[in-house]
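What follows is the content of work.cif, which has mmCIF, C-alpha atoms and all ligand atoms:
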```cif
data_structure
loop_
_atom_site.label_atom_id
_atom_site.label_comp_id
_atom_site.auth_asym_id
_atom_site.auth_seq_id
_atom_site.Cartn_x
_atom_site.Cartn_y
_atom_site.Cartn_z
CA MET X 1365 0.00 0.00 0.00
CA GLN X 1366 1.32 3.43 -0.93
CA ALA X 1367 0.15 6.74 0.55
CA ILE X 1368 0.02 10.24 -0.89
CA SER X 1369 -0.72 13.26 1.27
CA VAL X 1370 -2.86 16.10 -0.12
CA GLN X 1371 -3.01 19.56 1.47
CA SER X 1372 -6.31 21.38 1.60
CA ALA X 1373 -7.83 24.37 3.41
CA GLN X 1374 -9.52 21.86 5.73
CA GLY X 1375 -6.27 20.12 6.66
CA HIS X 1376 -4.55 17.28 4.88
CA TYR X 1377 -5.97 13.99 3.68
CA ASP X 1378 -4.44 10.76 2.44
CA ILE X 1379 -4.82 8.87 -0.79
CA HIS X 1380 -4.07 5.20 -0.24
CA VAL X 1381 -3.28 3.08 -3.28
CA GLY X 1382 -3.10 -0.70 -2.91
CA ASP X 1383 -4.31 -4.02 -4.17
CA ALA X 1384 -6.39 -5.19 -1.21
CA LEU X 1385 -7.70 -2.05 0.45
CA LEU X 1386 -11.43 -2.63 0.33
CA PRO X 1387 -11.64 -5.15 3.20
CA SER X 1388 -10.05 -2.60 5.55
CA VAL X 1389 -12.16 0.43 4.54
CA GLY X 1390 -14.40 0.09 7.62
CA ALA X 1391 -11.50 -0.13 10.06
CA VAL X 1392 -9.77 2.91 8.55
CA ILE X 1393 -13.00 4.94 8.66
CA ALA X 1394 -13.56 3.96 12.30
CA GLN X 1395 -10.10 5.32 13.03
CA LYS X 1396 -10.26 8.47 10.84
CA ILE X 1397 -13.89 9.43 11.54
CA PRO X 1398 -14.49 8.00 15.02
CA LYS X 1399 -17.81 9.83 15.54
CA ALA X 1400 -19.43 8.15 12.52
CA ARG X 1401 -22.29 5.79 13.36
CA VAL X 1402 -23.85 5.57 9.89
CA ALA X 1403 -22.03 5.02 6.60
CA VAL X 1404 -24.00 5.98 3.49
CA LEU X 1405 -22.60 3.90 0.64
CA VAL X 1406 -23.48 5.56 -2.67
CA VAL X 1407 -22.35 3.02 -5.21
CA ASP X 1408 -22.08 2.80 -8.96
CA GLN X 1409 -24.35 0.06 -10.30
CA ALA X 1410 -21.35 -1.30 -12.22
CA VAL X 1411 -19.67 -2.48 -9.00
CA GLU X 1412 -22.67 -3.05 -6.78
CA GLN X 1413 -22.66 -6.83 -7.08
CA THR X 1414 -18.89 -7.14 -6.94
CA TRP X 1415 -16.52 -4.82 -5.12
CA ALA X 1416 -19.21 -3.00 -3.14
CA ARG X 1417 -19.89 -6.20 -1.21
CA GLU X 1418 -16.39 -6.09 0.27
CA VAL X 1419 -16.90 -2.49 1.34
CA PHE X 1420 -20.34 -3.17 2.79
CA ALA X 1421 -19.00 -6.11 4.83
CA SER X 1422 -16.04 -4.10 6.02
CA LEU X 1423 -18.17 -1.12 7.11
CA ALA X 1424 -20.60 -3.40 8.94
CA ALA X 1425 -17.74 -5.27 10.61
CA ALA X 1426 -16.45 -1.93 11.92
CA GLY X 1427 -19.80 -1.40 13.69
CA LEU X 1428 -21.25 1.15 11.24
CA ARG X 1429 -24.89 1.05 10.17
CA VAL X 1430 -24.67 0.89 6.37
CA VAL X 1431 -27.24 2.57 4.13
CA THR X 1432 -26.70 1.66 0.47
CA LEU X 1433 -27.85 3.69 -2.52
CA VAL X 1434 -27.19 2.34 -6.01
CA VAL X 1435 -26.80 4.79 -8.90
CA HIS X 1436 -26.57 4.09 -12.61
CA ALA X 1437 -23.63 6.15 -13.88
CA SER X 1438 -24.87 8.41 -16.67
CA GLU X 1439 -24.49 12.13 -17.33
CA ALA X 1440 -28.29 12.41 -16.98
CA ASN X 1441 -28.02 10.99 -13.46
CA LYS X 1442 -25.34 13.48 -12.48
CA SER X 1443 -28.19 15.72 -11.52
CA ILE X 1444 -29.82 17.66 -8.72
CA ALA X 1445 -32.66 15.10 -8.87
CA GLN X 1446 -30.19 12.33 -7.91
CA VAL X 1447 -28.63 14.53 -5.25
CA GLU X 1448 -32.10 15.11 -3.82
CA LYS X 1449 -32.60 11.35 -3.62
CA VAL X 1450 -29.37 11.03 -1.65
CA TRP X 1451 -30.34 13.94 0.65
CA SER X 1452 -33.83 12.49 1.24
CA CYS X 1453 -32.42 9.07 2.00
CA MET X 1454 -29.95 10.55 4.48
CA LEU X 1455 -32.71 12.54 6.13
CA ALA X 1456 -34.96 9.48 6.38
CA GLU X 1457 -32.08 7.48 7.87
CA ARG X 1458 -31.35 10.31 10.34
CA VAL X 1459 -27.78 10.72 9.13
CA GLN X 1460 -25.97 13.22 11.39
CA ARG X 1461 -23.10 15.71 10.93
CA GLY X 1462 -20.60 13.20 12.32
CA ASP X 1463 -21.53 10.43 9.89
CA VAL X 1464 -19.84 9.55 6.62
CA LEU X 1465 -20.75 9.12 2.97
CA CYS X 1466 -18.66 6.71 0.92
CA ALA X 1467 -18.73 7.51 -2.82
CA MET X 1468 -17.82 4.33 -4.68
CA GLY X 1469 -17.48 4.08 -8.46
CA GLY X 1470 -16.32 6.19 -11.36
CA GLY X 1471 -16.21 9.96 -11.75
CA ILE X 1472 -19.91 10.48 -12.37
CA VAL X 1473 -21.08 8.79 -9.18
CA GLY X 1474 -18.15 10.27 -7.24
CA ASP X 1475 -18.92 13.84 -8.34
CA MET X 1476 -22.64 13.54 -7.66
CA ALA X 1477 -22.30 11.77 -4.30
CA ALA X 1478 -19.57 14.14 -3.11
CA PHE X 1479 -21.87 17.06 -3.97
CA ALA X 1480 -24.64 15.51 -1.84
CA ALA X 1481 -22.23 14.91 1.07
CA SER X 1482 -20.64 18.36 0.92
CA THR X 1483 -24.04 20.09 1.11
CA TYR X 1484 -26.08 17.84 3.44
CA MET X 1485 -26.22 19.58 6.85
CA ARG X 1486 -23.57 21.94 5.40
CA GLY X 1487 -21.21 19.06 4.84
CA ILE X 1488 -20.51 15.60 6.22
CA ALA X 1489 -17.32 13.60 5.77
CA THR X 1490 -16.79 11.97 2.39
CA VAL X 1491 -14.64 8.97 1.62
CA MET X 1492 -13.88 8.51 -2.07
CA ILE X 1493 -13.54 4.90 -3.26
CA PRO X 1494 -12.78 5.26 -6.97
CA THR X 1495 -13.13 2.09 -9.04
CA THR X 1496 -12.06 3.35 -12.48
CA LEU X 1497 -8.57 4.38 -13.52
CA LEU X 1498 -9.82 7.81 -14.51
CA ALA X 1499 -11.41 8.39 -11.12
CA MET X 1500 -8.34 7.07 -9.26
CA VAL X 1501 -5.92 9.41 -10.99
CA ASP X 1502 -8.20 12.40 -11.49
CA ALA X 1503 -11.83 12.77 -10.40
CA ALA X 1504 -11.50 11.47 -6.83
CA ILE X 1505 -8.59 13.79 -6.04
CA GLY X 1506 -8.87 17.48 -5.24
CA GLY X 1507 -12.30 17.69 -3.63
CA LYS X 1508 -14.27 18.91 -6.64
CA SER X 1509 -17.90 17.78 -6.68
CA ALA X 1510 -20.40 18.60 -9.39
CA VAL X 1511 -23.72 18.01 -11.06
CA ASN X 1512 -24.86 18.91 -14.57
CA LEU X 1513 -27.63 21.47 -15.07
CA PRO X 1514 -30.26 21.42 -17.80
CA MET X 1515 -29.51 24.09 -20.40
CA PRO X 1516 -32.19 26.81 -20.14
CA SER X 1517 -34.33 27.03 -23.25
CA ALA X 1518 -33.31 30.70 -23.70
CA ALA X 1519 -29.70 29.62 -24.03
CA LEU X 1520 -30.66 26.94 -26.53
CA ASP X 1521 -32.67 29.42 -28.59
CA ALA X 1522 -29.71 31.78 -28.60
CA GLY X 1523 -27.72 29.01 -30.29
CA VAL X 1524 -25.62 28.00 -27.29
CA ASN X 1525 -25.68 24.51 -28.71
CA SER X 1526 -23.78 25.58 -31.82
CA GLY X 1527 -26.61 25.49 -34.29
CA GLY X 1528 -27.90 22.05 -33.49
CA ALA X 1529 -29.85 23.20 -30.49
CA LYS X 1530 -33.36 23.35 -31.83
CA ASN X 1531 -33.10 19.85 -33.22
CA SER X 1532 -31.18 18.42 -30.31
CA PRO X 1533 -32.62 15.56 -28.34
CA GLN X 1534 -34.19 16.67 -25.06
CA SER X 1535 -32.63 13.84 -23.12
CA LEU X 1536 -29.58 11.66 -23.22
CA PRO X 1537 -29.60 8.75 -25.65
CA THR X 1538 -31.44 5.86 -24.09
CA ASN X 1539 -29.61 3.11 -25.92
CA LEU X 1540 -26.70 3.20 -23.50
CA PRO X 1541 -25.87 -0.02 -21.68
CA THR X 1542 -27.56 -0.17 -18.29
CA ASN X 1543 -25.16 -2.70 -16.83
CA LEU X 1544 -21.47 -2.63 -17.41
CA PRO X 1545 -20.02 -6.10 -17.80
CA THR X 1546 -17.90 -7.06 -14.84
CA ASN X 1547 -16.01 -9.97 -16.29
CA LEU X 1548 -14.60 -8.78 -19.59
CA PRO X 1549 -11.16 -9.99 -20.61
CA THR X 1550 -8.68 -7.65 -18.99
CA ASN X 1551 -5.82 -8.07 -21.45
CA LEU X 1552 -5.61 -5.21 -23.87
CA PRO X 1553 -5.74 -6.01 -27.57
CA THR X 1554 -2.46 -5.33 -29.34
CA ASN X 1555 -3.55 -3.69 -32.59
CA LEU X 1556 -6.02 -0.92 -32.09
CA PRO X 1557 -7.50 1.72 -34.37
CA THR X 1558 -5.92 5.18 -34.09
CA ASN X 1559 -9.10 7.05 -34.97
CA LEU X 1560 -11.93 7.73 -32.60
CA PRO X 1561 -14.93 5.42 -33.12
CA THR X 1562 -16.52 6.00 -36.51
CA ASN X 1563 -20.05 4.72 -35.93
CA LEU X 1564 -21.24 8.29 -35.78
CA PRO X 1565 -24.85 9.40 -35.98
CA THR X 1566 -25.72 10.74 -39.42
CA ASN X 1567 -26.58 14.19 -38.12
CA LEU X 1568 -23.75 15.28 -35.87
CA ALA X 1569 -25.41 18.61 -35.18
CA ASN X 1570 -28.30 16.83 -33.48
CA ASN X 1571 -25.87 15.35 -31.05
CA LEU X 1572 -24.22 18.49 -29.84
CA ALA X 1573 -23.89 19.09 -26.13
CA SER X 1574 -26.87 16.93 -25.11
CA ASN X 1575 -28.63 19.96 -23.59
CA LEU X 1576 -26.71 19.57 -20.35
CA ALA X 1577 -24.42 22.22 -18.97
CA LYS X 1578 -21.73 19.96 -17.57
CA ASN X 1579 -20.46 20.40 -14.00
CA MET X 1580 -22.20 23.77 -13.65
CA ALA X 1581 -23.08 23.39 -9.97
CA GLY X 1582 -20.58 22.06 -7.50
CA THR X 1583 -18.37 22.50 -4.49
CA ILE X 1584 -14.73 22.15 -3.58
CA CYS X 1585 -14.65 20.21 -0.34
CA ALA X 1586 -11.77 17.92 0.61
CA PRO X 1587 -12.60 14.27 1.23
CA ALA X 1588 -11.60 12.65 4.50
CA TRP X 1589 -9.79 9.86 2.67
CA VAL X 1590 -9.35 8.40 -0.81
CA ALA X 1591 -9.01 4.61 -1.07
CA SER X 1592 -7.93 3.29 -4.48
CA ASP X 1593 -7.90 -0.49 -4.68
CA VAL X 1594 -6.43 -1.42 -8.07
CA ARG X 1595 -8.16 -4.81 -8.07
CA THR X 1596 -11.27 -2.95 -9.18
CA LEU X 1597 -9.46 -2.06 -12.41
CA THR X 1598 -9.42 -5.72 -13.42
CA THR X 1599 -13.19 -5.68 -13.96
CA LEU X 1600 -13.20 -2.55 -16.13
CA SER X 1601 -13.68 -2.98 -19.85
CA ALA X 1602 -10.40 -2.71 -21.76
CA ARG X 1603 -11.74 0.46 -23.39
CA GLU X 1604 -12.48 2.11 -20.07
CA PHE X 1605 -9.06 1.18 -18.73
CA ARG X 1606 -7.37 2.68 -21.80
CA SER X 1607 -9.40 5.87 -21.34
CA GLY X 1608 -7.89 6.26 -17.89
CA LEU X 1609 -4.43 5.82 -19.37
CA ALA X 1610 -4.95 9.04 -21.36
CA GLU X 1611 -5.19 11.01 -18.10
CA CYS X 1612 -2.01 9.26 -16.94
CA VAL X 1613 -0.26 10.45 -20.11
CA LYS X 1614 -1.60 13.97 -19.44
CA HIS X 1615 -0.14 13.86 -15.93
CA ALA X 1616 3.16 12.55 -17.32
CA LEU X 1617 3.32 15.50 -19.73
CA LEU X 1618 2.65 17.85 -16.82
CA ALA X 1619 5.38 16.18 -14.78
CA ASP X 1620 8.45 15.14 -16.74
CA GLU X 1621 9.94 12.65 -19.16
CA SER X 1622 10.43 9.95 -16.50
CA MET X 1623 6.76 9.07 -16.22
CA LEU X 1624 6.33 8.93 -20.00
CA SER X 1625 9.26 6.52 -20.21
CA TRP X 1626 7.84 4.53 -17.29
CA LEU X 1627 4.56 4.10 -19.18
CA GLU X 1628 6.47 2.85 -22.19
CA THR X 1629 8.70 0.49 -20.21
CA HIS X 1630 5.79 -1.03 -18.28
CA ARG X 1631 3.29 -1.26 -21.11
CA GLU X 1632 3.25 -5.06 -21.01
CA GLY X 1633 2.83 -5.22 -17.23
CA LEU X 1634 -0.08 -2.80 -17.48
CA ARG X 1635 -1.57 -4.76 -20.37
CA ALA X 1636 -1.42 -7.88 -18.21
CA MET X 1637 -2.94 -6.00 -15.24
CA ASP X 1638 0.02 -6.81 -13.02
CA PRO X 1639 -1.11 -5.54 -9.57
CA ALA X 1640 2.27 -4.09 -8.65
CA ARG X 1641 2.42 -2.15 -11.93
CA LEU X 1642 -1.14 -0.92 -11.46
CA VAL X 1643 -0.37 0.32 -7.95
CA GLU X 1644 2.69 2.15 -9.27
CA LEU X 1645 0.73 3.61 -12.20
CA VAL X 1646 -2.01 4.99 -9.96
CA HIS X 1647 0.46 6.17 -7.34
CA ARG X 1648 2.66 8.01 -9.85
CA SER X 1649 -0.22 9.59 -11.70
CA ALA X 1650 -2.28 10.50 -8.62
CA SER X 1651 0.87 12.08 -7.10
CA VAL X 1652 1.07 14.55 -10.00
CA LYS X 1653 -2.49 15.72 -9.46
CA ALA X 1654 -2.14 15.66 -5.65
CA ALA X 1655 0.87 17.97 -5.83
CA ILE X 1656 -0.97 20.45 -8.07
CA VAL X 1657 -4.18 20.58 -6.01
CA SER X 1658 -2.16 20.83 -2.79
CA ARG X 1659 -0.63 24.03 -4.15
CA ASP X 1660 -3.83 25.42 -5.71
CA GLU X 1661 -6.95 23.78 -4.30
CA HIS X 1662 -9.34 26.50 -5.48
CA GLU X 1663 -8.00 26.86 -9.03
CA GLN X 1664 -6.58 30.33 -8.70
CA GLY X 1665 -3.86 29.43 -11.18
CA GLU X 1666 -1.91 26.19 -11.44
CA ARG X 1667 -4.86 23.80 -11.08
CA ALA X 1668 -6.05 24.98 -14.51
CA HIS X 1669 -3.01 23.17 -15.96
CA LEU X 1670 -4.91 19.94 -15.36
CA ASN X 1671 -6.98 21.00 -18.37
CA LEU X 1672 -4.03 20.28 -20.67
CA GLY X 1673 -5.52 19.32 -24.04
CA HIS X 1674 -9.03 19.58 -22.59
CA THR X 1675 -10.37 22.48 -24.66
CA PHE X 1676 -9.90 20.31 -27.75
CA ALA X 1677 -11.14 17.24 -25.85
CA HIS X 1678 -14.32 18.86 -24.53
CA ALA X 1679 -15.19 20.06 -28.04
CA ILE X 1680 -14.68 16.54 -29.42
CA GLU X 1681 -16.83 15.10 -26.65
CA SER X 1682 -19.63 17.54 -27.25
CA LEU X 1683 -19.70 16.73 -30.97
CA LEU X 1684 -19.40 12.98 -30.52
CA HIS X 1685 -21.60 12.84 -27.47
CA GLY X 1686 -22.13 9.28 -26.27
CA GLN X 1687 -19.75 7.88 -28.92
CA VAL X 1688 -16.50 8.70 -27.22
CA HIS X 1689 -15.11 8.19 -23.74
CA HIS X 1690 -13.62 11.21 -21.97
CA GLY X 1691 -10.13 9.67 -21.99
CA GLU X 1692 -10.31 8.96 -25.72
CA ALA X 1693 -11.13 12.61 -26.36
CA VAL X 1694 -8.30 13.62 -24.01
CA SER X 1695 -5.88 11.45 -25.98
CA VAL X 1696 -6.77 13.20 -29.25
CA GLY X 1697 -6.76 16.54 -27.41
CA LEU X 1698 -3.19 15.96 -26.22
CA VAL X 1699 -1.99 15.48 -29.79
CA ALA X 1700 -3.72 18.73 -30.80
CA MET X 1701 -2.19 20.42 -27.74
CA ALA X 1702 1.35 19.38 -28.73
CA ALA X 1703 0.92 20.70 -32.29
CA ALA X 1704 -0.68 23.92 -31.00
CA SER X 1705 2.16 24.39 -28.47
CA GLN X 1706 4.64 24.18 -31.32
CA ALA X 1707 2.65 26.56 -33.55
CA ALA X 1708 2.45 29.07 -30.69
CA GLY X 1709 6.24 29.01 -30.49
CA TRP X 1710 6.01 27.75 -26.91
CA TRP X 1711 7.48 24.32 -27.50
CA PRO X 1712 9.55 24.54 -30.69
CA ASP X 1713 10.83 20.97 -30.49
CA ALA X 1714 7.47 19.40 -29.58
CA ASP X 1715 7.45 15.95 -31.13
CA THR X 1716 3.80 15.38 -32.02
CA PHE X 1717 4.73 12.22 -33.87
CA ALA X 1718 6.47 10.67 -30.84
CA LEU X 1719 3.56 11.60 -28.57
CA SER X 1720 1.09 10.10 -31.07
CA LYS X 1721 3.11 6.89 -31.15
CA ARG X 1722 3.14 6.67 -27.36
CA LEU X 1723 -0.62 7.11 -27.28
CA THR X 1724 -1.28 4.55 -30.02
CA ASP X 1725 1.06 2.11 -28.27
CA LEU X 1726 -1.29 2.40 -25.29
CA GLY X 1727 -4.24 1.72 -27.57
CA LEU X 1728 -5.48 5.31 -27.57
CA PRO X 1729 -6.87 7.27 -30.55
CA ILE X 1730 -5.00 10.26 -32.00
CA LYS X 1731 -7.39 11.52 -34.69
CA VAL X 1732 -11.04 12.50 -35.02
CA PRO X 1733 -13.28 10.66 -37.50
CA ALA X 1734 -13.48 12.20 -40.98
CA ALA X 1735 -17.12 13.22 -40.40
CA VAL X 1736 -16.16 15.72 -37.71
CA ASP X 1737 -16.47 19.24 -39.01
CA ARG X 1738 -13.72 21.75 -38.21
CA ALA X 1739 -16.10 24.73 -37.92
CA GLN X 1740 -18.30 22.86 -35.45
CA LEU X 1741 -15.24 21.88 -33.41
CA LYS X 1742 -14.14 25.51 -33.25
CA ASN X 1743 -17.63 26.59 -32.21
CA ALA X 1744 -17.65 24.00 -29.47
CA MET X 1745 -14.19 25.15 -28.31
CA LYS X 1746 -15.52 28.70 -27.94
CA LEU X 1747 -18.32 27.38 -25.73
CA ASP X 1748 -15.98 25.54 -23.38
CA LYS X 1749 -16.62 27.06 -19.97
CA LYS X 1750 -12.93 27.69 -19.45
CA GLY X 1751 -12.96 30.19 -22.36
CA GLN X 1752 -12.98 33.93 -21.56
CA SER X 1753 -15.33 36.23 -23.50
CA GLY X 1754 -15.50 34.17 -26.66
CA ALA X 1755 -11.75 33.75 -27.00
CA ILE X 1756 -10.37 30.24 -27.08
CA ARG X 1757 -8.22 29.52 -24.06
CA LEU X 1758 -5.72 26.68 -24.27
CA VAL X 1759 -3.45 25.03 -21.75
CA LEU X 1760 -0.25 24.33 -23.66
CA LEU X 1761 3.27 23.17 -22.92
CA LYS X 1762 6.53 25.09 -23.10
CA GLY X 1763 8.28 21.74 -22.76
CA LEU X 1764 7.73 18.55 -20.79
CA GLY X 1765 6.61 19.50 -17.29
CA ARG X 1766 6.24 23.20 -18.24
CA PRO X 1767 2.56 24.00 -18.77
CA GLY X 1768 1.06 27.47 -19.22
CA VAL X 1769 -2.22 29.09 -20.25
CA LEU X 1770 -2.66 30.85 -23.60
CA ASP X 1771 -5.68 33.10 -23.02
CA ALA X 1772 -6.67 33.96 -26.58
CA ALA X 1773 -5.28 31.41 -29.00
CA SER X 1774 -4.92 32.64 -32.60
CA ASP X 1775 -6.51 30.84 -35.54
CA HIS X 1776 -3.03 29.77 -36.62
CA VAL X 1777 -2.45 27.99 -33.30
CA ILE X 1778 -5.89 26.37 -33.21
CA ASN X 1779 -5.69 25.26 -36.82
CA ALA X 1780 -2.30 23.65 -36.20
CA GLY X 1781 -3.90 21.61 -33.41
CA LEU X 1782 -6.85 20.65 -35.58
CA ASP X 1783 -4.60 19.77 -38.55
CA ALA X 1784 -2.68 17.33 -36.31
CA ILE X 1785 -5.83 15.41 -35.38
CA GLY X 1786 -7.29 15.27 -38.88
CA ALA X 1787 -10.14 17.71 -38.26
N1 LIG H 1801 -10.07 17.49 -13.30
C1 LIG H 1801 -9.55 18.80 -13.13
C2 LIG H 1801 -9.51 19.24 -11.70
O1 LIG H 1801 -9.77 18.48 -10.80
O2 LIG H 1801 -9.22 20.37 -11.45
#
```

Please go through the file and, once you have read it, give me the structure as structure tokens.
Amino acid sequence: MQAISVQSAQGHYDIHVGDALLPSVGAVIAQKIPKARVAVLVVDQAVEQTWAREVFASLAAAGLRVVTLVVHASEANKSIAQVEKVWSCMLAERVQRGDVLCAMGGGIVGDMAAFAASTYMRGIATVMIPTTLLAMVDAAIGGKSAVNLPMPSAALDAGVNSGGAKNSPQSLPTNLPTNLPTNLPTNLPTNLPTNLPTNLPTNLANNLASNLAKNMAGTICAPAWVASDVRTLTTLSAREFRSGLAECVKHALLADESMLSWLETHREGLRAMDPARLVELVHRSASVKAAIVSRDEHEQGERAHLNLGHTFAHAIESLLHGQVHHGEAVSVGLVAMAAASQAAGWWPDADTFALSKRLTDLGLPIKVPAAVDRAQLKNAMKLDKKGQSGAIRLVLLKGLGRPGVLDAASDHVINAGLDAIGA
């Protein structure tokens, strides 16, 4: 088991990374939050029948009364309506200020449940138990909680959805899988496509933005503890695991060359889901984020660097809504970022080709499908909430480990990024 300490305004908290942590979750909570009598376990449906059982048993064995709430992870469920269900349940179960909420699952469930915990009775302790690679290295660290808000019709009429608004579906696609498989083969295939998925809907405009303003309501409230048990990664689909690897590459680019080389050296161990390699992967990557949020918890400056490649990625996601995983979009966004960094004169010797090869070696995409329209991508980039007054804001690199923010990127810089990803 490896520990990382994170500083926050509320004191420090630990991230524990290991390969058999779940059976001791109850004992650690009893020690860290001794006043807790009730543990509210908000759990992602994907792990309810598997890993959540270990946590439930461990909490009960530690003498806590366990109240379980199962949530299907979808952007539509990352909502105030779901939060209200959690609040109502806690009220009905007479959950008190000293009790604890355990948020177990991927980023969606973690963000929503942490929002409920950080607002119920003005905040009760939260323990994050991430079960996806993306959540372990990103979402569960730094105390951000969030829900999506429905886009007001006035904003839609004003074309906030980039022209597709009036024809856009009013709700998320309903043909999404309701149950994630828990026993998929965990070995990664060796030859993978380099383009994002191409089974696109015929009318891309209809798919824009899904009428949800993502992460528009939220809090920053440090968890009491983060417990990352890498065994849970073995039941992720190979695609979901690879998506998490994109965030690890992002953290490596924000750190230095050594982590990029480590990813290359240990590719086979990661492919084979070697527990020791997985622990090291999560520990290394989570440490990068932990260091940044320790220095800038409330995103006054440096924390924004975690959006490296994300302006491109968010635009890709909004155009290919439901067709692309966040990490896949991040992978393509990182390639665009490298080319844009070079075009801006920030990183003259940026090697976009070498970065693309590293990403494809990890099974990640580096290009958008041919059907993606450049003008729509640019529109979507302007709508990214990190943009200031219509200008496109990019987080770029001046070299490995040297990020910075370009507030109003020129067309030349943006086009260089889009050229690199085939847009
Ligand atoms: N995922 C970006 C952040 O936590 O700030």

Inset, instruction - Please provide as a list in words all residues within 9 Å of Met1623 in chain X, with the sequence filter that same-chain residues fewer than 6 positions apart are discarded (counting all atoms listed in the file). - result: Cys1612, Val1613, His1615, Ala1616, Leu1617, Arg1648 and Ser1649 of chain X

Legend entry - Residue list as a VMD selection string for point (-4.6, 23.3, 3.7), cut-off 8 Å, only C-alpha atoms: chain X and resid 1371 to 1376 1658

Legend entry - Protein/DNA/RNA residues near (-21.4, -5.6, -2.4), cut 12 Å, only C-alpha atoms, as number ranges by chain: X: 1386-1387, 1405-1424, 1430-1434, 1468

Inset, instruction - Kindly compile the residues surrounding ligand LIG 1801 (chain H) within 8 Å, counting only C-alpha atoms and all ligand atoms, and format them as a ChimeraX atom specification. - result: /X:1502-1503,1505-1508,1653,1657,1663,1667-1668,1670-1671

Inset, instruction - Would you kindly return, as a PyMOL selection string, each protein, DNA or RNA residue with an atom no farther than 9 Å from any atom of Ile1488 in chain X, considering only C-alpha atoms and excluding same-chain residues fewer than 6 positions away? - result: chain X and resi 1460-1465+1481-1482

Report, as AutoDock Vina command-line options, the centre and edge lengths in Å (one decimal) of the axis-aligned box enclosing every listed atom of range 1398-1405 of chain X, padded by 6 Å on each side.
```
--center_x -19.2 --center_y 6.9 --center_z 8.1 --size_x 21.5 --size_y 17.9 --size_z 26.9
```

Inset, instruction - Kindly indicate which residue among X:Val1732, X:Leu1683, X:Val1404, X:Ile1472 lies nearest to Val1696 in chain X, using all atoms listed in the file for the distances. - result: X:Val1732
